[in-house]
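To keep things clear, I will list the structure first and then write my remarks on it.
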There are 2 protein chains.
Amino acid sequence: MTEQAGPPLVAVLVVIFTVEAGELRVLLIRRAAEPYRDWWALPGGVLQAGESLDEAASRKLVEETGVRDVYLEQLYTFGDLDGAAPRRAIAVTYFALVNHERVRLRQGGDWQPAWFDVRRLPPLAFENDRVVRYAVERLQAKLQYTNVAYSLLPEEFTLTELQQAYESILGRRLDKRNFRKRILSTGVVRPTGRTRREGAHRPAQLYAFSSREPVAL
Amino acid sequence: MTEQAGPPLVAVLVVIFTVEAGELRVLLIRRAAEPYRDWWALPGGVLQAGESLDEAASRKLVEETGVRDVYLEQLYTFGDLDGAAPRRAIAVTYFALVNHERVRLRQGGDWQPAWFDVRRLPPLAFENDRVVRYAVERLQAKLQYTNVAYSLLPEEFTLTELQQAYESILGRRLDKRNFRKRILSTGVVRPTGRTRREGAHRPAQLYAFSSREPVAL
DNA sequence: TCAAAAGTGTTGTTTATACACCCATGT
DNA sequence: ACATGGGTGTATAAACAACACTTTTGA
């Protein structure tokens, strides 16, 4: 609790989002060490020598999920998340968007990662809930004027799947006709020509993102 | 030039903007120490013990300009601005908006602060030009959907002055009628009832910002 | 009376919203 | 034949962009 001398540590935290079963989910790990032992927290760690901030965030992402080349963006730098920490730390936070089908959660070790619905988070260590809330706001905003959703979906998908991803993130239902009109008019997706049959109904057209790099509209 | 061990330093840099004579200007200081001795750079310094990031940014702002209680927002954290630095540093950057009439630039000392047109910057130390460019983009975006301009103008001002501030920041001319319609419809400013006579033409109505706190529209 | 900046409306275009039915398929 | 999700169009309102003249004043 007492303030300690020495330069502050630089920690990197990553809010890893995915969409599954109509929920926007975030990856948390269970802390094995004090303080906040056994509490849930965002994956992260201390910046290592010779490593850029982006590299540190990318490394944490790969360690926890095995995925790389996904959307990853710096979120904010918090200087005051360390209420109960033994030493002053600066937290440079990032958020990432991953397709849950590509994720292989790290097994074993002291920490057990798991997905949580962002609307039903457990109590989090180090005020990490502030970071998650801010990340959700930023993601909701970015969804409106960028193609970031490419990082949540597989190569091919139906427009209904895309709409469900948007609805999960925004936390509200969207009108099907307006959604399709808007998405198609921006040209962020293109039809692949293939279709998918599943169940007793008309097959769905499949689409792909025109670009799998971040693009602002 | 060689990488040195030890935890990275945390530096705080502040991009201080003002609008004057139709130009968007940024405050730079001339470095007195190596590396980049005699080059221009953004005001900043190392985070001090017991100081939050926001406090450090606010302190730098007061040191250089004497102003407080202005718009100040965290911009981005750069981990790679230290090409020629003797020791690894993380730069947490902020931007601030000040009314130049309230500024009293710090005199004497080793560094001499001065205002520069953001479109005609001298070569800057530590790739600080990247920080300025990013700050300009962010400011241009914020101008569209917030009232941040309150921090650039005096208590009372004419709509023409407000429009000129917008034009200086955006780098393009705006239509007078559309500008006034838009600004007045948002309710961010209110007429004070007073007018200002200056020169051989019709006096201008004076306005004030409804709120001098940041507000999103 | 002239020069200078203040002030003011209309029209067309684009963008966003609300809303309901037919289509193709599997069982 | 029926249940299921896929797919489509139109009408209204709101936001934005283009554009020119009159007003009030000081000299």
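We name chains A, B, ... following the order of the structure tokens; residues begin at 1 in each chain, and ligands are numbered from 1 as shown.
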What are the closest atom pairs, with distances in Å to one decimal, for each residue of chain B lying within 10 Å of chain A, using only C-alpha atoms, rows by chain and rising residue number, as a Markdown table?
| residue | atom | partner | partner_atom | distance |
| --- | --- | --- | --- | --- |
| B:Glu3 | CA | A:Gly50 | CA | 7.6 |
| B:Gln4 | CA | A:Ala49 | CA | 8.7 |
| B:Ala5 | CA | A:Ala49 | CA | 7.2 |
| B:Gly6 | CA | A:Ala49 | CA | 7.9 |
| B:Pro7 | CA | A:Leu9 | CA | 6.9 |
| B:Pro8 | CA | A:Val10 | CA | 7.4 |
| B:Leu9 | CA | A:Pro7 | CA | 6.9 |
| B:Val10 | CA | A:Pro8 | CA | 7.4 |
| B:Val46 | CA | A:Pro7 | CA | 9.6 |
| B:Leu47 | CA | A:Pro7 | CA | 8.5 |
| B:Gln48 | CA | A:Pro7 | CA | 8.3 |
| B:Ala49 | CA | A:Ala5 | CA | 7.2 |
| B:Gly50 | CA | A:Glu3 | CA | 7.6 |
| B:Glu51 | CA | A:Gly79 | CA | 8.9 |
| B:Ser52 | CA | A:Gly79 | CA | 5.8 |
| B:Leu53 | CA | A:Gly79 | CA | 5.7 |
| B:Asp54 | CA | A:Gly79 | CA | 8.3 |
| B:Gln74 | CA | A:Tyr76 | CA | 7.8 |
| B:Leu75 | CA | A:Tyr76 | CA | 8.3 |
| B:Tyr76 | CA | A:Tyr76 | CA | 7.0 |
| B:Thr77 | CA | A:Thr77 | CA | 6.9 |
| B:Phe78 | CA | A:Leu53 | CA | 7.7 |
| B:Gly79 | CA | A:Leu53 | CA | 5.7 |
| B:Asp80 | CA | A:Ser52 | CA | 6.8 |
| B:Arg88 | CA | A:Gly50 | CA | 8.5 |
| B:Ile90 | CA | A:Val10 | CA | 8.4 |
| B:Val92 | CA | A:Thr77 | CA | 7.5 |
| B:Thr93 | CA | A:Thr77 | CA | 9.6 |
Write out as JSON lines the residues of chain C that have any atom within 6 Å of an atom of chain A, one row each with the nearest atom pair and its distance in Å to one decimal, counting only C-alpha atoms (C1' of nucleotides), sorted by chain and then rising number.
{"residue": "C:DA24", "atom": "C1'", "partner": "A:Arg202", "partner_atom": "CA", "distance": 4.1}
{"residue": "C:DT25", "atom": "C1'", "partner": "A:His201", "partner_atom": "CA", "distance": 4.2}
{"residue": "C:DG26", "atom": "C1'", "partner": "A:Ala200", "partner_atom": "CA", "distance": 4.0}
Let's have chain B fitted on chain A; use all the C-alpha atoms paired in order for the least-squares step and return it as a compact mmCIF listing (two decimals) with C-alpha atoms, in the first residue's frame.
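Dumped everything to superposed.txt:
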# COMPACT_ATOMS: atom_id res chain seq x y z
CA MET B 1 0.18 -0.15 0.10
CA THR B 2 2.92 2.35 0.77
CA GLU B 3 4.42 4.23 -2.14
CA GLN B 4 7.77 2.88 -3.08
CA ALA B 5 10.65 4.74 -4.68
CA GLY B 6 12.21 3.92 -8.01
CA PRO B 7 10.98 4.55 -11.53
CA PRO B 8 7.51 3.25 -12.32
CA LEU B 9 7.14 -0.10 -14.02
CA VAL B 10 5.61 -0.17 -17.47
CA ALA B 11 2.99 -2.88 -17.83
CA VAL B 12 1.08 -3.79 -20.98
CA LEU B 13 -2.51 -5.05 -20.67
CA VAL B 14 -4.61 -6.46 -23.49
CA VAL B 15 -8.39 -6.55 -23.68
CA ILE B 16 -9.00 -9.52 -25.99
CA PHE B 17 -12.52 -9.51 -27.42
CA THR B 18 -14.40 -12.17 -29.26
CA VAL B 19 -18.03 -12.65 -30.26
CA GLU B 20 -19.68 -15.97 -29.55
CA ALA B 21 -23.25 -17.12 -28.96
CA GLY B 22 -24.54 -13.59 -29.30
CA GLU B 23 -22.29 -12.27 -26.57
CA LEU B 24 -19.34 -9.91 -26.65
CA ARG B 25 -16.75 -11.71 -24.56
CA VAL B 26 -13.45 -10.74 -23.05
CA LEU B 27 -10.58 -13.02 -22.04
CA LEU B 28 -9.60 -12.96 -18.38
CA ILE B 29 -6.95 -14.82 -16.43
CA ARG B 30 -7.08 -15.82 -12.81
CA ARG B 31 -4.24 -14.34 -10.80
CA ALA B 32 -1.99 -16.79 -9.00
CA ALA B 33 0.03 -14.21 -7.07
CA GLU B 34 -0.62 -11.47 -4.56
CA PRO B 35 -1.98 -8.87 -4.64
CA TYR B 36 -5.47 -9.86 -5.80
CA ARG B 37 -4.57 -13.53 -5.68
CA ASP B 38 -7.36 -15.64 -7.27
CA TRP B 39 -9.07 -12.58 -8.69
CA TRP B 40 -9.77 -12.30 -12.40
CA ALA B 41 -7.69 -9.82 -14.38
CA LEU B 42 -6.73 -8.82 -17.89
CA PRO B 43 -3.78 -10.64 -19.43
CA GLY B 44 -0.65 -8.55 -19.33
CA GLY B 45 2.83 -8.22 -18.09
CA VAL B 46 5.83 -6.01 -17.74
CA LEU B 47 7.38 -4.52 -20.84
CA GLN B 48 10.57 -6.38 -21.62
CA ALA B 49 13.86 -4.87 -22.68
CA GLY B 50 14.20 -4.35 -26.40
CA GLU B 51 10.50 -4.83 -27.01
CA SER B 52 8.19 -2.18 -28.43
CA LEU B 53 4.79 -1.57 -26.86
CA ASP B 54 3.01 -3.08 -29.85
CA GLU B 55 5.27 -6.09 -29.72
CA ALA B 56 4.58 -6.63 -26.04
CA ALA B 57 0.82 -6.49 -26.65
CA SER B 58 1.12 -8.84 -29.59
CA ARG B 59 3.24 -11.25 -27.54
CA LYS B 60 0.66 -11.36 -24.73
CA LEU B 61 -2.04 -12.02 -27.28
CA VAL B 62 -0.15 -14.94 -28.81
CA GLU B 63 0.72 -16.36 -25.41
CA GLU B 64 -2.92 -16.47 -24.31
CA THR B 65 -4.71 -17.35 -27.55
CA GLY B 66 -2.17 -18.56 -30.09
CA VAL B 67 -3.49 -16.12 -32.69
CA ARG B 68 -1.51 -13.47 -34.52
CA ASP B 69 -2.23 -11.00 -37.29
CA VAL B 70 -5.49 -9.80 -35.78
CA TYR B 71 -6.77 -6.33 -35.13
CA LEU B 72 -4.81 -4.81 -32.26
CA GLU B 73 -4.96 -1.16 -31.24
CA GLN B 74 -3.59 0.87 -28.39
CA LEU B 75 -6.41 1.98 -26.11
CA TYR B 76 -5.21 4.25 -23.32
CA THR B 77 -2.47 4.55 -20.75
CA PHE B 78 -3.57 4.41 -17.14
CA GLY B 79 -1.30 5.71 -14.43
CA ASP B 80 -3.56 4.93 -11.53
CA LEU B 81 -4.72 1.33 -11.73
CA ASP B 82 -2.37 0.17 -9.02
CA GLY B 83 -4.26 0.91 -5.85
CA ALA B 84 -3.03 -2.15 -4.05
CA ALA B 85 0.18 -2.74 -5.99
CA PRO B 86 3.48 -2.86 -4.17
CA ARG B 87 5.10 -0.64 -6.75
CA ARG B 88 3.97 2.19 -8.97
CA ALA B 89 3.03 0.96 -12.44
CA ILE B 90 1.96 2.58 -15.68
CA ALA B 91 -0.46 0.41 -17.63
CA VAL B 92 -0.38 0.81 -21.41
CA THR B 93 -3.55 -0.92 -22.56
CA TYR B 94 -4.50 -2.43 -25.92
CA PHE B 95 -7.55 -4.14 -27.29
CA ALA B 96 -7.64 -7.00 -29.78
CA LEU B 97 -10.40 -8.67 -31.80
CA VAL B 98 -10.14 -12.40 -32.39
CA ASN B 99 -12.23 -15.07 -34.05
CA HIS B 100 -12.95 -17.55 -31.28
CA GLU B 101 -12.67 -20.48 -33.68
CA ARG B 102 -9.00 -19.74 -34.19
CA VAL B 103 -8.25 -19.42 -30.48
CA ARG B 104 -6.55 -22.16 -28.50
CA LEU B 105 -6.54 -20.94 -24.91
CA ARG B 106 -3.34 -21.52 -23.05
CA GLN B 107 -3.70 -24.62 -20.90
CA GLY B 108 -2.05 -25.35 -17.58
CA GLY B 109 0.33 -22.97 -15.93
CA ASP B 110 -0.71 -21.00 -12.91
CA TRP B 111 -3.29 -18.88 -14.67
CA GLN B 112 -6.37 -20.27 -16.29
CA PRO B 113 -7.76 -18.06 -19.03
CA ALA B 114 -11.51 -17.99 -19.70
CA TRP B 115 -14.06 -15.98 -21.67
CA PHE B 116 -16.59 -13.72 -19.92
CA ASP B 117 -19.60 -11.82 -21.22
CA VAL B 118 -18.63 -8.14 -20.95
CA ARG B 119 -22.09 -7.41 -19.52
CA ARG B 120 -21.57 -9.88 -16.64
CA LEU B 121 -18.01 -9.47 -15.46
CA PRO B 122 -16.79 -10.81 -12.14
CA PRO B 123 -14.96 -8.38 -9.85
CA LEU B 124 -11.64 -7.59 -11.49
CA ALA B 125 -8.22 -6.91 -10.01
CA PHE B 126 -6.57 -3.49 -10.31
CA GLU B 127 -9.71 -1.73 -11.50
CA ASN B 128 -9.39 -3.61 -14.76
CA ASP B 129 -13.13 -3.17 -15.24
CA ARG B 130 -12.43 0.48 -16.10
CA VAL B 131 -10.18 -0.69 -18.91
CA VAL B 132 -12.78 -3.13 -20.24
CA ARG B 133 -15.55 -0.54 -20.15
CA TYR B 134 -13.42 1.94 -22.05
CA ALA B 135 -12.44 -0.71 -24.58
CA VAL B 136 -16.10 -1.58 -25.21
CA GLU B 137 -16.91 2.07 -25.88
CA ARG B 138 -14.03 2.40 -28.30
CA LEU B 139 -14.95 -0.80 -30.08
CA GLN B 140 -18.56 0.28 -30.45
CA ALA B 141 -17.43 3.57 -31.97
CA LYS B 142 -14.92 1.95 -34.34
CA LEU B 143 -17.50 -0.49 -35.58
CA GLN B 144 -19.45 2.36 -37.12
CA TYR B 145 -16.77 3.77 -39.37
CA THR B 146 -14.19 1.03 -39.89
CA ASN B 147 -14.01 -2.58 -41.07
CA VAL B 148 -12.56 -3.91 -37.80
CA ALA B 149 -15.18 -6.65 -37.65
CA TYR B 150 -13.07 -8.58 -40.16
CA SER B 151 -10.95 -9.65 -37.24
CA LEU B 152 -13.87 -11.32 -35.45
CA LEU B 153 -15.24 -13.39 -38.32
CA PRO B 154 -13.97 -16.28 -40.43
CA GLU B 155 -12.97 -15.83 -44.07
CA GLU B 156 -16.50 -16.52 -45.25
CA PHE B 157 -19.65 -15.62 -43.41
CA THR B 158 -23.28 -14.76 -43.97
CA LEU B 159 -24.66 -11.26 -43.60
CA THR B 160 -26.79 -12.55 -40.75
CA GLU B 161 -23.66 -13.65 -38.92
CA LEU B 162 -22.10 -10.26 -39.50
CA GLN B 163 -25.23 -8.55 -38.23
CA GLN B 164 -25.24 -10.74 -35.12
CA ALA B 165 -21.63 -9.73 -34.42
CA TYR B 166 -22.61 -6.07 -34.69
CA GLU B 167 -25.62 -6.60 -32.43
CA SER B 168 -23.54 -8.42 -29.83
CA ILE B 169 -21.04 -5.58 -29.70
CA LEU B 170 -23.55 -2.76 -29.72
CA GLY B 171 -25.89 -4.50 -27.31
CA ARG B 172 -28.99 -3.84 -29.37
CA ARG B 173 -30.93 -5.27 -32.31
CA LEU B 174 -30.50 -3.79 -35.76
CA ASP B 175 -32.93 -3.69 -38.66
CA LYS B 176 -32.00 -6.36 -41.19
CA ARG B 177 -32.79 -4.37 -44.33
CA ASN B 178 -31.07 -1.21 -43.18
CA PHE B 179 -28.05 -3.15 -41.99
CA ARG B 180 -27.58 -4.94 -45.29
CA LYS B 181 -28.12 -1.77 -47.29
CA ARG B 182 -25.52 0.09 -45.26
CA ILE B 183 -22.89 -2.66 -45.21
CA LEU B 184 -23.20 -3.40 -48.90
CA SER B 185 -23.13 0.27 -49.88
CA THR B 186 -19.78 0.76 -48.14
CA GLY B 187 -18.17 -2.04 -50.09
CA VAL B 188 -16.37 -3.47 -47.05
CA VAL B 189 -17.66 -6.93 -47.94
CA ARG B 190 -18.05 -8.70 -51.27
CA PRO B 191 -20.07 -11.83 -52.14
CA THR B 192 -17.92 -14.91 -52.69
CA GLY B 193 -20.54 -16.50 -54.91
CA ARG B 194 -20.79 -19.52 -52.65
CA THR B 195 -23.77 -20.32 -50.45
CA ARG B 196 -24.30 -22.24 -47.27
CA ARG B 197 -27.18 -24.65 -46.71
CA GLU B 198 -27.97 -25.38 -43.09
CA GLY B 199 -31.38 -26.29 -41.84
CA ALA B 200 -34.85 -26.18 -43.29
CA HIS B 201 -34.67 -22.85 -44.98
CA ARG B 202 -33.26 -20.97 -47.91
CA PRO B 203 -29.46 -21.13 -48.21
CA ALA B 204 -27.45 -18.01 -47.33
CA GLN B 205 -25.07 -16.20 -49.62
CA LEU B 206 -21.52 -16.11 -48.32
CA TYR B 207 -19.45 -12.94 -48.11
CA ALA B 208 -15.83 -12.04 -47.38
CA PHE B 209 -14.24 -8.78 -46.31
CA SER B 210 -12.78 -6.87 -49.24
CA SER B 211 -9.77 -6.07 -47.09
CA ARG B 212 -8.46 -7.85 -44.04
CA GLU B 213 -6.40 -4.82 -43.09
CA PRO B 214 -7.90 -2.00 -41.01
CA VAL B 215 -9.73 0.47 -43.22
CA ALA B 216 -11.57 3.63 -42.22
CA LEU B 217 -14.72 4.38 -44.20
Q: Could you please write out, as a PyMOL selection string, every residue of chain A that DSSP assigns to strand (DSSP E)?
A: chain A and resi 9-20+23-30+40-41+44-46+71-78+89-97+114-117+189-196+204-209
Q: Please return, as a list in words, all residues of chain D lying within 9 Å of chain B when only C-alpha atoms (C1' of nucleotides) are considered.
A: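 So the residues of chain D near chain B are DC16, DA17, DT23, DT24, DT25, DG26 and DA27 of chain D.
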Put those residues in a file: C-alpha atoms (C1' of nucleotides), as a PDB file, in the first residue's frame.
ATOM      1  C1'  DC D  16     -25.630  18.373 -45.230  1.00  0.00           C
ATOM      2  C1'  DA D  17     -23.983  21.314 -49.203  1.00  0.00           C
ATOM      3  C1'  DT D  23     -27.817  45.511 -43.067  1.00  0.00           C
ATOM      4  C1'  DT D  24     -25.257  48.513 -40.133  1.00  0.00           C
ATOM      5  C1'  DT D  25     -21.622  51.080 -39.272  1.00  0.00           C
ATOM      6  C1'  DG D  26     -17.259  54.566 -39.598  1.00  0.00           C
ATOM      7  C1'  DA D  27     -14.863  57.367 -42.426  1.00  0.00           C
TER       8       DA D  27
END
